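Beneath this line is the structure, given in structure tokens, with notes to follow.
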Amino acid sequence: MSTPPTQANQTPANPAEPRAVKETKAQKSERLKREKNPWEAFDEVRAFARQGRASVLPEWASFYFKWWGIYTQGDGAGVTGGTGGEGKATEFFMMRIGIPNGIATSEQLRAIGTIARDHARNLADITVRQAIQLHWLTIESLPEAVQALETVGLSPRSACGDVVRNVTGCPVAGLGAHEIIDASPLAIAVSREVSGNSEFYNLPRKFKITVTGCPVWCSYPEINDVALTAVRRGDEVGYSVRVGGGLSADPHLAVKLDAFIPEDKAVAVVRGIIEIFREQQGLRESRDRARMKHLFLREGWTAERFLEELKGKLSFTLEAGVDDSVPDDVFRDHVGVRPQKQDGLYSIGATVLNGRLSGEQLIAVAALAEKYAGAEIRTTVMQNFILPNVPKANLDAVLAGLSSIGLTVEATNFWRGTVACTGTEFCKLAITETKGFARWLVDEMDARIPGFDQQIKLHITGCPNSCGQHWIADVGLEGKKIKHDGKLMDAWSFALGGALGLHAGVARLVNYRCLSTEVPDALERLLNSYLQTRSGDENLRSWFAARSNDELRMVLDSSVPVGA
């Protein structure tokens with residue numbers, strides 16, 4: 001009697017034929033992109049909606065949906081509950097909605113809020129790129145949601161995938177008395193030119209752009225693939241350009257090119273830079289090394305080489321750059337009540353812890369904007385929002401209206417400076433839960449160190465991908481797992497001293513990690529040590545910089561009971 005062959009004694013039917021080589025993740029991604037432009041295939045999504053969740057093809061679920069700002073939603077266990085570096089998907093979807101420069105009309109915000117209320121379990125998150133993300137969407141609701149957005153001039157198209165993501169900018173563009181220029185028209189023009197443009201549907205990886213005239217660089221040009229920041233050259237206003245910024249597992253601050261970009265040439269310059277990125281076949285060999293920053297990190301490119309490549313893409317000559325006025329490391333969030341440059345008008349920046357709002361809150365904010373302000377809302381990269389064009393006579397009414405729906409303008413420094421990514425609640429790549437942990441941690445710190453007098457950027461990210469941007473925080477917490485009492489428990493690794501602006505630098509891993517329940521004790525020890533030993537007006541970033549990793553770790557890990 002014969003027996004089935006074992007793996008050890010199986011041989012090819014024809015020994016002369018080579019064994020098939022399994023595709024790498026990068027090779028599969030590149031093949032799928034060559035085979036289909038998802039922006040031209042939304043009819044397939046409509047068919048899935050008619051036929052039900054089981055009809056969704058695997059390549060759509062894992063890949064093509066992203067071009068439409070859509071991800072399959074995780075089961076709450078994150079990456080540790082799955083295999084192959086990704087958690088299990090549920091029947092539900094997340095959708096990210098791009099808002100160029102963070103500027104939305106009240107009609108658009110109401111549309112998003114209505115979708116959230118009716119189809120997404122009344123839940124919405126403002127993201128660190130001024131977009132809004134929804135959860136709990138069913139396959140049947142996706143075409144309806146996309147149509148509702150397109151009706152008001154929005155779309156999830158290009159919010160995810162290997163494409164140009166939402167183009168960010170200053171949320172008080174056109175309002176601030178100290179801005180160099182209102183750069184929002186340029187940011188929107190760049191977005192119209194390159195976001196959702198089929199010429200750029202097949203990039204090696206995601207691509208992030210910011211355009212700003214803000215003197216405090218509130219849209220974080222240092223961590224974008226392309227950043228245009230307004231500068232003055234005599235009486236002329238133009239832009240400096242930086243390239244190659246990004247975070248994730250290999251943080252890299254953007255490199256400034258020696259070029260002055262006139263405003264009317266800026267869109268062409270951005271196109272040229274994207275074309276350079278699109279042509280880099282070497283970046284397509286590994287998904288982990290496919291961002292533009294890896295030209296500098298791994299392939300030896302310099303600012304000089306990049307500029308020469310860019311000049312070859314342009315039909316005009318670039319002139320030498322001018323010095324920037326690099327901002328100090330300050331809060332860049334524009335929250336609070338602030339006078340605009342328009343007489344009698346104010347902007348009101350509300351702090352939204354973790355960026356999380358209900359659909360009903362979004363609808364209520366839209367109504368406040370229509371009744372008392374300019375029928376406009378602006379989102380920020382700190383996961384907050386701003387109501388502009390509020391007449392002085394209406395300030396109290398708007399503040400009362402925000403308070404009545406659970407939103408605050410005057411927040412503590414812990415509340416104001418906290419950012420958190422999606423975490424295991426919905427993300428299949430996350431290691432730890434983030435949103436609930438962040439809210440609990442802020443409450444703990446406000447109770448333990450009330451009135452903490454320093455700005456503190458407390459960024460919480462559930463995995464090494466750094467969607468919570470822990471590398472640029474004063475205190476960055478990266479999600480880990482620790483085995484405790486025989487179970488894998490949520491834990492956090494501390495990165496300290498990150499900053500942008502004049503003293504820009506990536507946060508330092510101090511080789512200390514602890515369970516979630518131990519974080520408040522560790523953070524209390526750290527911040528109290530700062531308060532007790534700082535010199536004069538020494539800020540937190542300077543205090544970190546003056547101490548070694550060993551010293552900081554000893555403070556975090558002290559065995560002395562808190563309060564002893």
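Chain labels run A, B, ... following the order of the structure tokens; each chain numbers its residues from 1, and ligands are numbered from 1 in the order shown.
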Please report, as a Markdown table, each residue of stretch 332-354 of chain A lying at most 12 Å from stretch 377-381 of chain A, together with the nearest pair of atoms and the separation in Å rounded to one decimal; use only C-alpha atoms, and order rows by chain and ascending residue number.
```
| residue | atom | partner | partner_atom | distance |
| --- | --- | --- | --- | --- |
| A:Arg332 | CA | A:Val381 | CA | 9.1 |
| A:Asp333 | CA | A:Thr380 | CA | 7.0 |
| A:His334 | CA | A:Thr380 | CA | 8.6 |
| A:Val335 | CA | A:Thr380 | CA | 9.5 |
| A:Ser347 | CA | A:Arg378 | CA | 9.9 |
| A:Ile348 | CA | A:Ile377 | CA | 10.0 |
| A:Gly349 | CA | A:Arg378 | CA | 8.9 |
| A:Ala350 | CA | A:Thr379 | CA | 9.8 |
| A:Thr351 | CA | A:Thr380 | CA | 9.9 |
| A:Val352 | CA | A:Thr380 | CA | 10.3 |
| A:Asn354 | CA | A:Val381 | CA | 11.2 |
```
Deliver the residues from the most recent selection as a file, using C-alpha atoms, as an mmCIF file, in the first residue's frame.
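selection-v4.cif was written with the following content:
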```cif
data_model
loop_
_atom_site.group_PDB
_atom_site.id
_atom_site.type_symbol
_atom_site.label_atom_id
_atom_site.label_comp_id
_atom_site.auth_asym_id
_atom_site.auth_seq_id
_atom_site.Cartn_x
_atom_site.Cartn_y
_atom_site.Cartn_z
ATOM 1 C CA ARG A 332 2.184 74.786 17.887
ATOM 2 C CA ASP A 333 -1.482 74.003 18.415
ATOM 3 C CA HIS A 334 -3.204 77.441 18.210
ATOM 4 C CA VAL A 335 -5.694 76.452 20.925
ATOM 5 C CA SER A 347 -10.515 81.994 16.490
ATOM 6 C CA ILE A 348 -11.437 79.471 19.166
ATOM 7 C CA GLY A 349 -9.223 76.406 19.381
ATOM 8 C CA ALA A 350 -10.770 73.503 21.287
ATOM 9 C CA THR A 351 -8.599 70.748 22.738
ATOM 10 C CA VAL A 352 -9.905 67.270 21.949
ATOM 11 C CA ASN A 354 -6.942 61.877 21.628
#
```
Show me a table, sorted first by chain and then by increasing residue number, of the residues of stretch 29-60 of chain A having an atom at most 12 Å from stretch 91-115 of chain A, each with its shortest atom pair and the distance in Å to one decimal, counting only C-alpha atoms and written as a tab-separated table.
```
residue	atom	partner	partner_atom	distance
A:Gly52	CA	A:Glu91	CA	10.0
A:Arg53	CA	A:Glu91	CA	6.6
A:Ala54	CA	A:Glu91	CA	8.7
A:Ser55	CA	A:Glu91	CA	11.3
A:Val56	CA	A:Glu91	CA	10.1
A:Trp60	CA	A:Phe93	CA	12.0
```
Since we have the selection now, will you write its residues out, keeping all heavy atoms, as a PDB file, in the first residue's frame?
```
ATOM      1  N   GLY A  52     -22.388  41.480  -0.225  1.00  0.00           N
ATOM      2  CA  GLY A  52     -22.101  41.177   1.171  1.00  0.00           C
ATOM      3  C   GLY A  52     -20.621  41.011   1.457  1.00  0.00           C
ATOM      4  O   GLY A  52     -19.795  40.853   0.555  1.00  0.00           O
ATOM      5  N   ARG A  53     -20.289  41.004   2.755  1.00  0.00           N
ATOM      6  CA  ARG A  53     -18.899  40.996   3.213  1.00  0.00           C
ATOM      7  C   ARG A  53     -18.116  39.796   2.688  1.00  0.00           C
ATOM      8  O   ARG A  53     -16.920  39.909   2.378  1.00  0.00           O
ATOM      9  CB  ARG A  53     -18.862  41.011   4.753  1.00  0.00           C
ATOM     10  CG  ARG A  53     -17.458  41.006   5.357  1.00  0.00           C
ATOM     11  CD  ARG A  53     -16.723  42.292   5.024  1.00  0.00           C
ATOM     12  NE  ARG A  53     -15.476  42.432   5.764  1.00  0.00           N
ATOM     13  CZ  ARG A  53     -14.305  41.902   5.400  1.00  0.00           C
ATOM     14  NH1 ARG A  53     -14.234  41.198   4.276  1.00  0.00           N
ATOM     15  NH2 ARG A  53     -13.225  42.106   6.126  1.00  0.00           N
ATOM     16  N   ALA A  54     -18.760  38.641   2.561  1.00  0.00           N
ATOM     17  CA  ALA A  54     -18.045  37.439   2.126  1.00  0.00           C
ATOM     18  C   ALA A  54     -17.558  37.537   0.692  1.00  0.00           C
ATOM     19  O   ALA A  54     -16.658  36.787   0.285  1.00  0.00           O
ATOM     20  CB  ALA A  54     -18.945  36.210   2.286  1.00  0.00           C
ATOM     21  N   SER A  55     -18.102  38.479  -0.065  1.00  0.00           N
ATOM     22  CA  SER A  55     -17.704  38.597  -1.473  1.00  0.00           C
ATOM     23  C   SER A  55     -16.434  39.411  -1.657  1.00  0.00           C
ATOM     24  O   SER A  55     -15.864  39.425  -2.758  1.00  0.00           O
ATOM     25  CB  SER A  55     -18.838  39.248  -2.278  1.00  0.00           C
ATOM     26  OG  SER A  55     -18.986  40.620  -1.920  1.00  0.00           O
ATOM     27  N   VAL A  56     -15.967  40.096  -0.612  1.00  0.00           N
ATOM     28  CA  VAL A  56     -14.800  40.968  -0.743  1.00  0.00           C
ATOM     29  C   VAL A  56     -13.558  40.134  -1.046  1.00  0.00           C
ATOM     30  O   VAL A  56     -13.213  39.213  -0.306  1.00  0.00           O
ATOM     31  CB  VAL A  56     -14.575  41.789   0.537  1.00  0.00           C
ATOM     32  CG1 VAL A  56     -13.299  42.625   0.420  1.00  0.00           C
ATOM     33  CG2 VAL A  56     -15.775  42.689   0.807  1.00  0.00           C
ATOM     34  N   TRP A  60      -8.457  43.103  -2.267  1.00  0.00           N
ATOM     35  CA  TRP A  60      -9.110  44.355  -1.880  1.00  0.00           C
ATOM     36  C   TRP A  60      -9.017  44.549  -0.368  1.00  0.00           C
ATOM     37  O   TRP A  60      -8.670  45.626   0.114  1.00  0.00           O
ATOM     38  CB  TRP A  60     -10.580  44.360  -2.333  1.00  0.00           C
ATOM     39  CG  TRP A  60     -10.758  44.925  -3.709  1.00  0.00           C
ATOM     40  CD1 TRP A  60     -10.832  44.221  -4.876  1.00  0.00           C
ATOM     41  CD2 TRP A  60     -10.864  46.301  -4.069  1.00  0.00           C
ATOM     42  NE1 TRP A  60     -10.979  45.079  -5.945  1.00  0.00           N
ATOM     43  CE2 TRP A  60     -11.016  46.359  -5.477  1.00  0.00           C
ATOM     44  CE3 TRP A  60     -10.850  47.490  -3.349  1.00  0.00           C
ATOM     45  CZ2 TRP A  60     -11.149  47.574  -6.161  1.00  0.00           C
ATOM     46  CZ3 TRP A  60     -10.986  48.704  -4.026  1.00  0.00           C
ATOM     47  CH2 TRP A  60     -11.125  48.731  -5.410  1.00  0.00           C
TER      48      TRP A  60
END
```
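By chain and then residue number, the residues within 8 Å of stretch 402-418 of chain A are Val335, Gly336, Val337, Ile348, Gly349, Ala350, Thr351, Val352, Leu353, Asn354, Gln361, Ala364, Val365, Met382, Val398, Ala438, Val442, Met445, Asp446, Gly451, Phe452, Asp453, Gln454, Gln455, Ile456, Lys457, Leu458, His459 and Ile460 of chain A, counting only C-alpha atoms and disregarding those fewer than 4 positions away in sequence.
All residues of stretch 9-168 of chain A that DSSP, run on the backbone, classes as strand (DSSP E) are Ile70, Tyr71, Thr72, Gln73, Gly74, Ala89, Thr90, Glu91, Phe92, Phe93, Met94, Met95, Arg96, Ile97, Ile103, Ala104, Thr105, Ala124, Asp125, Ile126, Ile132, Gln133, Leu134, His135, Trp136 and Leu137 of chain A.
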Every residue of stretch 28-222 of chain A that DSSP places in alpha helix (DSSP H), as a PyMOL selection string:
chain A and resi 28-35+42-51+58-62+106-119+142-151+184-194
Spatial neighbours of A:Ala189, 9 Å, only C-alpha atoms, chain gap at least 5 places, as a PDB file with C-alpha atoms, in the first residue's frame:
```
ATOM      1  CA  SER A 184      -3.677  77.660   2.392  1.00  0.00           C
ATOM      2  CA  VAL A 194      -1.236  65.522  -6.817  1.00  0.00           C
ATOM      3  CA  VAL A 267       3.352  73.241  -7.471  1.00  0.00           C
TER       4      VAL A 267
END
```
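Near A:Val163, within 6 Å and counting only C-alpha atoms, sit Tyr201, Leu203, Lys206 and Phe207 of chain A, not including residues fewer than 5 positions from it in the same chain.
With distances restricted to only C-alpha atoms, A:Asn122 is the closest residue to A:Gly359 from A:Ser195, A:Asn539, A:Thr24, A:Asn122.
If you look at atom CA of A:Asp328 and atom CA of A:Leu345, they are 27.1 Å away from each other.
Every protein or nucleic acid residue with an atom no more than 9 Å from A:Asn202, counting only C-alpha atoms and leaving out same-chain residues fewer than 5 positions away, appears here: A:Glu30, A:Lys33, A:Arg34, A:Asn37, A:Gly161, A:Asp162, A:Val163, A:Arg278.
Proximity to stretch 468-478 of chain A at 7 Å, evaluated using only C-alpha atoms and with sequence-adjacent residues fewer than 3 positions away removed, yields Leu247, Val419, Ala420, Cys421, Ile456, Lys457, Leu458, His459, Ile460, Thr461, Gly462, Cys463, Pro464, Trp492, Ser493, Phe494, Ala495, Leu496, Gly497, Gly498, Ala499, Leu500, Val506, Ala507 and Arg541 of chain A.
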Could you take the residues named above and write them with N, CA, C and O atoms, as a CSV table (one decimal), in the first residue's frame?
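Saved as again_25.csv:
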```
chain,number,residue,atom,x,y,z
A,247,LEU,N,9.0,59.4,10.4
A,247,LEU,CA,9.2,58.8,11.7
A,247,LEU,C,9.3,57.3,11.5
A,247,LEU,O,10.2,56.8,11.0
A,419,VAL,N,-1.2,63.2,22.6
A,419,VAL,CA,-1.6,62.7,21.3
A,419,VAL,C,-1.6,61.1,21.4
A,419,VAL,O,-0.7,60.6,22.0
A,420,ALA,N,-2.5,60.5,20.8
A,420,ALA,CA,-2.5,59.0,20.8
A,420,ALA,C,-3.0,58.5,19.4
A,420,ALA,O,-3.9,59.0,18.8
A,421,CYS,N,-2.4,57.4,19.0
A,421,CYS,CA,-2.8,56.8,17.8
A,421,CYS,C,-4.0,55.9,18.0
A,421,CYS,O,-4.6,55.9,19.1
A,456,ILE,N,4.2,70.2,27.8
A,456,ILE,CA,4.7,68.8,27.7
A,456,ILE,C,4.0,68.1,26.6
A,456,ILE,O,2.7,68.0,26.6
A,457,LYS,N,4.7,67.7,25.6
A,457,LYS,CA,4.1,66.8,24.5
A,457,LYS,C,4.3,65.4,24.9
A,457,LYS,O,5.4,64.8,25.0
A,458,LEU,N,3.1,64.8,25.2
A,458,LEU,CA,3.1,63.4,25.7
A,458,LEU,C,2.4,62.6,24.6
A,458,LEU,O,1.2,62.6,24.5
A,459,HIS,N,3.2,61.9,23.8
A,459,HIS,CA,2.7,61.2,22.7
A,459,HIS,C,2.8,59.7,22.9
A,459,HIS,O,3.8,59.1,23.3
A,460,ILE,N,1.6,59.0,22.5
A,460,ILE,CA,1.4,57.6,22.8
A,460,ILE,C,1.2,56.9,21.5
A,460,ILE,O,0.2,57.2,20.8
A,461,THR,N,2.0,55.9,21.2
A,461,THR,CA,1.9,55.2,20.0
A,461,THR,C,1.9,53.7,20.3
A,461,THR,O,2.7,53.2,21.1
A,462,GLY,N,1.0,53.0,19.7
A,462,GLY,CA,0.8,51.6,20.0
A,462,GLY,C,1.7,50.6,19.4
A,462,GLY,O,1.6,49.4,19.6
A,463,CYS,N,2.6,51.0,18.5
A,463,CYS,CA,3.6,50.1,17.9
A,463,CYS,C,4.8,50.9,17.4
A,463,CYS,O,4.7,52.2,17.4
A,464,PRO,N,5.8,50.3,16.8
A,464,PRO,CA,7.0,51.0,16.3
A,464,PRO,C,6.7,51.9,15.1
A,464,PRO,O,7.6,52.8,14.8
A,492,TRP,N,5.0,49.8,28.1
A,492,TRP,CA,5.5,51.0,27.4
A,492,TRP,C,7.0,51.2,27.5
A,492,TRP,O,7.5,51.1,28.6
A,493,SER,N,7.6,51.5,26.4
A,493,SER,CA,9.0,51.9,26.4
A,493,SER,C,9.1,53.4,26.3
A,493,SER,O,8.3,54.1,25.6
A,494,PHE,N,10.0,54.0,27.1
A,494,PHE,CA,10.0,55.5,27.2
A,494,PHE,C,11.1,56.1,26.3
A,494,PHE,O,12.2,55.6,26.2
A,495,ALA,N,10.7,57.1,25.5
A,495,ALA,CA,11.6,57.9,24.7
A,495,ALA,C,11.5,59.3,25.1
A,495,ALA,O,10.4,59.8,25.2
A,496,LEU,N,12.6,59.9,25.5
A,496,LEU,CA,12.6,61.3,26.1
A,496,LEU,C,13.3,62.3,25.3
A,496,LEU,O,14.3,62.0,24.7
A,497,GLY,N,12.8,63.5,25.4
A,497,GLY,CA,13.6,64.7,24.8
A,497,GLY,C,13.5,65.0,23.4
A,497,GLY,O,14.3,65.7,22.8
A,498,GLY,N,12.4,64.4,22.7
A,498,GLY,CA,12.2,64.8,21.3
A,498,GLY,C,11.8,66.2,21.2
A,498,GLY,O,11.1,66.8,22.0
A,499,ALA,N,12.1,66.8,20.1
A,499,ALA,CA,11.8,68.2,19.8
A,499,ALA,C,11.8,68.6,18.4
A,499,ALA,O,12.5,67.9,17.6
A,500,LEU,N,11.1,69.6,18.0
A,500,LEU,CA,11.1,70.2,16.7
A,500,LEU,C,11.5,71.6,16.8
A,500,LEU,O,11.6,72.2,17.9
A,506,VAL,N,15.5,63.8,17.6
A,506,VAL,CA,14.7,62.7,17.8
A,506,VAL,C,14.8,62.3,19.3
A,506,VAL,O,15.9,62.3,19.9
A,507,ALA,N,13.7,61.9,19.9
A,507,ALA,CA,13.7,61.4,21.3
A,507,ALA,C,14.7,60.3,21.5
A,507,ALA,O,14.9,59.4,20.6
A,541,ARG,N,12.9,70.2,28.1
A,541,ARG,CA,13.8,69.7,27.1
A,541,ARG,C,15.2,69.9,27.4
A,541,ARG,O,16.1,69.0,27.2
```
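Here the question is which of A:Ala116, A:Val216, A:Val167, A:Ala303 gets nearest to A:Ala148 using only C-alpha atoms, and that residue is A:Ala116.
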